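Asker: For reference, this is coords02.csv, and it has CSV, C-alpha atoms.
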chain,number,residue,atom,x,y,z
T,1,MET,CA,0.2,14.5,3.6
T,2,LEU,CA,4.0,14.2,3.7
T,3,LEU,CA,3.9,10.8,5.5
T,4,ARG,CA,1.8,9.3,2.7
T,5,GLU,CA,4.2,10.7,0.1
T,6,ASP,CA,7.0,9.0,2.0
T,7,HIS,CA,5.0,5.7,1.8
T,8,LYS,CA,4.6,6.1,-1.9
T,9,THR,CA,8.3,6.8,-2.4
T,10,VAL,CA,9.3,3.7,-0.5
T,11,GLU,CA,6.8,1.6,-2.4
T,12,ARG,CA,8.3,2.8,-5.7
T,13,LEU,CA,11.7,1.7,-4.4
T,14,PHE,CA,10.4,-1.7,-3.4
T,15,LYS,CA,8.9,-2.2,-6.8
T,16,ARG,CA,12.2,-1.3,-8.4
T,17,PHE,CA,14.0,-3.8,-6.2
T,18,GLU,CA,11.5,-6.5,-7.1
T,19,LYS,CA,12.2,-5.9,-10.8
T,20,THR,CA,15.9,-6.3,-10.5
T,21,ALA,CA,17.6,-9.3,-11.9
T,22,ASP,CA,19.3,-11.7,-9.5
T,23,ASP,CA,22.7,-10.8,-10.9
T,24,ASP,CA,22.2,-7.0,-10.7
T,25,LEU,CA,23.8,-6.7,-7.3
T,26,ALA,CA,25.0,-3.1,-7.8
T,27,GLU,CA,21.4,-1.9,-8.5
T,28,ARG,CA,20.0,-3.9,-5.5
T,29,ARG,CA,22.6,-2.3,-3.3
T,30,THR,CA,21.8,1.2,-4.6
T,31,ILE,CA,18.1,0.7,-4.1
T,32,ALA,CA,18.7,-0.8,-0.6
T,33,ASP,CA,20.7,2.2,0.4
T,34,GLU,CA,17.9,4.5,-0.7
T,35,VAL,CA,15.4,2.4,1.2
T,36,VAL,CA,17.6,2.6,4.3
T,37,GLU,CA,17.8,6.3,4.2
T,38,GLU,CA,14.1,6.9,3.3
T,39,LEU,CA,12.8,4.6,6.0
T,40,THR,CA,15.2,5.9,8.7
T,41,VAL,CA,14.2,9.5,8.1
T,42,HIS,CA,10.5,8.5,8.0
T,43,ALA,CA,10.6,6.5,11.2
T,44,TRP,CA,12.4,9.4,12.9
T,45,ILE,CA,9.9,12.1,12.0
T,46,GLU,CA,7.0,9.9,12.7
T,47,GLU,CA,8.3,9.0,16.2
T,48,GLN,CA,9.7,12.3,17.1
T,49,VAL,CA,7.0,14.6,15.8
T,50,PHE,CA,3.9,12.9,14.4
T,51,CYS,CA,3.2,10.2,17.0
T,52,PRO,CA,3.2,12.5,20.0
T,53,ALA,CA,1.0,15.1,18.2
T,54,ALA,CA,-1.3,12.3,16.9
T,55,ARG,CA,-1.6,10.8,20.3
T,56,GLN,CA,-2.5,14.1,21.8
T,57,ALA,CA,-5.0,15.0,19.1
T,58,ALA,CA,-6.6,11.5,18.8
T,59,PRO,CA,-6.1,9.7,22.1
T,60,GLU,CA,-8.3,6.8,20.9
T,61,SER,CA,-5.5,6.0,18.4
T,62,THR,CA,-3.0,5.4,21.2
T,63,VAL,CA,-3.0,1.6,20.8
T,64,HIS,CA,-2.3,2.0,17.0
T,65,ILE,CA,0.4,4.6,17.7
T,66,LEU,CA,2.2,2.4,20.2
T,67,GLU,CA,2.1,-0.6,17.8
T,68,SER,CA,3.4,1.6,15.0
T,69,ILE,CA,6.4,2.7,17.2
T,70,GLU,CA,7.2,-1.0,17.9
T,71,GLU,CA,6.9,-1.8,14.2
T,72,HIS,CA,9.4,1.1,13.5
T,73,HIS,CA,11.7,-0.5,16.0
T,74,ALA,CA,11.7,-3.8,14.1
T,75,VAL,CA,12.1,-2.0,10.8
T,76,VAL,CA,15.0,0.1,12.0
T,77,TRP,CA,16.7,-3.0,13.3
T,78,MET,CA,16.4,-4.6,9.9
T,79,LEU,CA,17.7,-1.4,8.2
T,80,SER,CA,20.7,-1.4,10.5
T,81,GLU,CA,21.5,-5.0,9.3
T,82,LEU,CA,20.9,-4.2,5.6
T,83,LYS,CA,23.0,-1.0,5.7
T,84,ASP,CA,26.3,-2.8,5.7
T,85,MET,CA,25.2,-6.2,4.2
T,86,ASP,CA,26.9,-7.2,1.0
T,87,SER,CA,24.3,-7.5,-1.8
T,88,ALA,CA,26.0,-10.7,-2.8
T,89,ASP,CA,25.2,-12.2,0.6
T,90,GLU,CA,22.7,-15.1,0.2
T,91,ARG,CA,20.4,-13.5,2.8
T,92,PHE,CA,20.4,-10.0,1.3
T,93,LYS,CA,17.4,-10.5,-1.0
T,94,ALA,CA,15.5,-12.4,1.7
T,95,LYS,CA,16.1,-9.7,4.2
T,96,MET,CA,14.8,-7.0,1.8
T,97,SER,CA,11.7,-9.2,1.1
T,98,VAL,CA,10.9,-9.5,4.8
T,99,LEU,CA,11.5,-5.7,5.2
T,100,MET,CA,9.1,-5.0,2.4
T,101,GLU,CA,6.4,-7.3,3.8
T,102,ASN,CA,6.7,-5.6,7.2
T,103,VAL,CA,6.7,-2.1,5.8
T,104,ARG,CA,3.8,-2.8,3.5
T,105,HIS,CA,1.8,-4.2,6.4
T,106,HIS,CA,2.7,-1.2,8.6
T,107,VAL,CA,1.7,1.3,5.9
T,108,GLU,CA,-1.6,-0.4,5.4
T,109,GLU,CA,-2.4,-0.2,9.1
T,110,GLU,CA,-1.4,3.4,9.4
T,111,GLU,CA,-3.3,4.6,6.4
T,112,GLN,CA,-6.4,2.7,7.1
T,113,ASP,CA,-6.6,2.4,10.9
T,114,TRP,CA,-5.3,5.6,12.4
T,115,PHE,CA,-4.4,8.3,9.8
T,116,PRO,CA,-8.2,8.9,9.3
T,117,ASP,CA,-8.7,9.4,13.0
T,118,VAL,CA,-5.8,11.8,13.3
T,119,ARG,CA,-7.0,13.7,10.2
T,120,LYS,CA,-10.5,14.1,11.6
T,121,ALA,CA,-9.1,15.1,15.1
T,122,MET,CA,-6.6,17.7,13.8
T,123,GLY,CA,-8.5,19.2,10.9
T,124,ARG,CA,-7.1,20.3,7.5
T,125,ASN,CA,-5.4,23.6,8.7
T,126,ARG,CA,-3.6,21.9,11.6
T,127,LEU,CA,-2.5,19.1,9.3
T,128,THR,CA,-1.1,21.6,6.8
T,129,GLU,CA,0.9,23.4,9.5
T,130,PHE,CA,2.0,20.0,10.7
T,131,GLY,CA,3.2,19.0,7.3
T,132,ASP,CA,5.5,22.1,7.3
T,133,GLN,CA,6.9,21.0,10.7
T,134,LEU,CA,7.5,17.4,9.5
T,135,GLU,CA,9.3,18.7,6.4
T,136,ALA,CA,11.6,20.9,8.6
T,137,GLU,CA,12.2,17.9,10.9
T,138,LYS,CA,13.0,15.7,7.9
T,139,LYS,CA,16.0,17.9,7.1
T,140,LYS,CA,17.4,17.3,10.6
T,141,ALA,CA,16.6,13.6,10.8
T,142,PRO,CA,19.4,11.0,10.9
T,143,ARG,CA,20.1,9.0,7.7
T,144,ASP,CA,21.8,6.2,9.6
T,145,PRO,CA,19.5,3.7,11.3
T,146,LEU,CA,22.1,3.2,14.0
T,147,ALA,CA,21.6,6.9,15.0
T,148,VAL,CA,17.9,6.3,15.7
T,149,PRO,CA,17.2,5.7,19.4
T,150,SER,CA,15.6,2.4,20.2
T,151,ALA,CA,11.9,2.4,20.6
T,152,ALA,CA,12.4,0.1,23.5
T,153,SER,CA,14.2,2.8,25.4
T,154,LYS,CA,11.2,5.1,25.4
Can the structure from this file be put into structure tokens for me?
Answerer:
Amino acid sequence: MLLREDHKTVERLFKRFEKTADDDLAERRTIADEVVEELTVHAWIEEQVFCPAARQAAPESTVHILESIEEHHAVVWMLSELKDMDSADERFKAKMSVLMENVRHHVEEEEQDWFPDVRKAMGRNRLTEFGDQLEAEKKKAPRDPLAVPSAASK
């Protein structure tokens, strides 16, 4: 599933960040920029495409889906702060650490709590078609967290 692949991609970036030396500010900035883009696109496709379809297919997952959208809102807010933050800022590493904690928690809940329900409700064929739709949407998704509409406005 495309969303799980996104989760793995971001986790690899997090691990790279965690291995950087404190004085390797350029590498931290590079990784943070990749994280900002990956998570912005991911939050966009989940909210615009996956969540509405998942909610329709598996109405019993509505509570998880709504919580997921709120978690996206918090993550996108952190991404918007990280986007232009100097990697030499004393808060940069701490902000990345909090982001990583939040995203890891979010991924665990999605993959354990409601992805299985959605997979069961949609079936393999529909999920495959859906993966193609998500991939197409990914190409159109914003890369800048400031371009993602606030979850609070929905």
Asker: Counting all atoms listed in the file, which of T:Val148, T:Ala53, T:Ala121, T:Ala58 gets nearest to Leu39 (chain T)?
Answerer: T:Val148
Asker: Which one of T:Ile31, T:Ile65, T:Leu127, T:Met100 sits closest to Lys83 (chain T) if you count all atoms listed in the file?
Answerer: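 Closest residue, counting all atoms listed in the file: T:Ile31.
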Asker: Can you list, as JSON, numbers by chain, every protein, DNA or RNA residue that comes within 10 Å of Thr30 (chain T) when you count all atoms listed in the file, leaving out same-chain residues fewer than 5 positions away?
Answerer: {"T": [17, 25, 35, 36, 87]}
Asker: Print the selection's residues with C-alpha atoms to a file, as a compact mmCIF listing (two decimals), keeping the file's coordinate frame.
Answerer:
# COMPACT_ATOMS: atom_id res chain seq x y z
CA PHE T 17 14.00 -3.80 -6.20
CA LEU T 25 23.80 -6.70 -7.30
CA VAL T 35 15.40 2.40 1.20
CA VAL T 36 17.60 2.60 4.30
CA SER T 87 24.30 -7.50 -1.80
Asker: Can you work out which one of T:Arg29, T:Arg55, T:Arg143, T:His42 has the shortest atom-to-atom distance to Glu5 (chain T), counting only C-alpha atoms?
Answerer: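 Distance minimum relative to Glu5 (chain T) lands on T:His42.
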Asker: Tell me which protein, DNA and RNA residues are within 12 Å of region 104-120 of chain T, counting only C-alpha atoms, leaving out same-chain ones fewer than 3 positions away, and put them as a ChimeraX atom specification.
Answerer: /T:1-12,14-15,39,42-43,46,50-75,96-101,123-128,130-131
Asker: For CA of Arg16 (chain T) and CA of Trp77 (chain T), quote the distance in Å rounded to one decimal.
Answerer: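 Atom-to-atom, CA of Arg16 (chain T) and CA of Trp77 (chain T) are spaced 22.2 Å apart.
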Asker: Given all atoms listed in the file as the basis, pick out the residue of T:Glu18, T:Asp33, T:Ala141, T:Val49 nearest to Leu82 (chain T).
Answerer: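 Of T:Glu18, T:Asp33, T:Ala141, T:Val49, the one nearest Leu82 (chain T) is T:Asp33, counting all atoms listed in the file.
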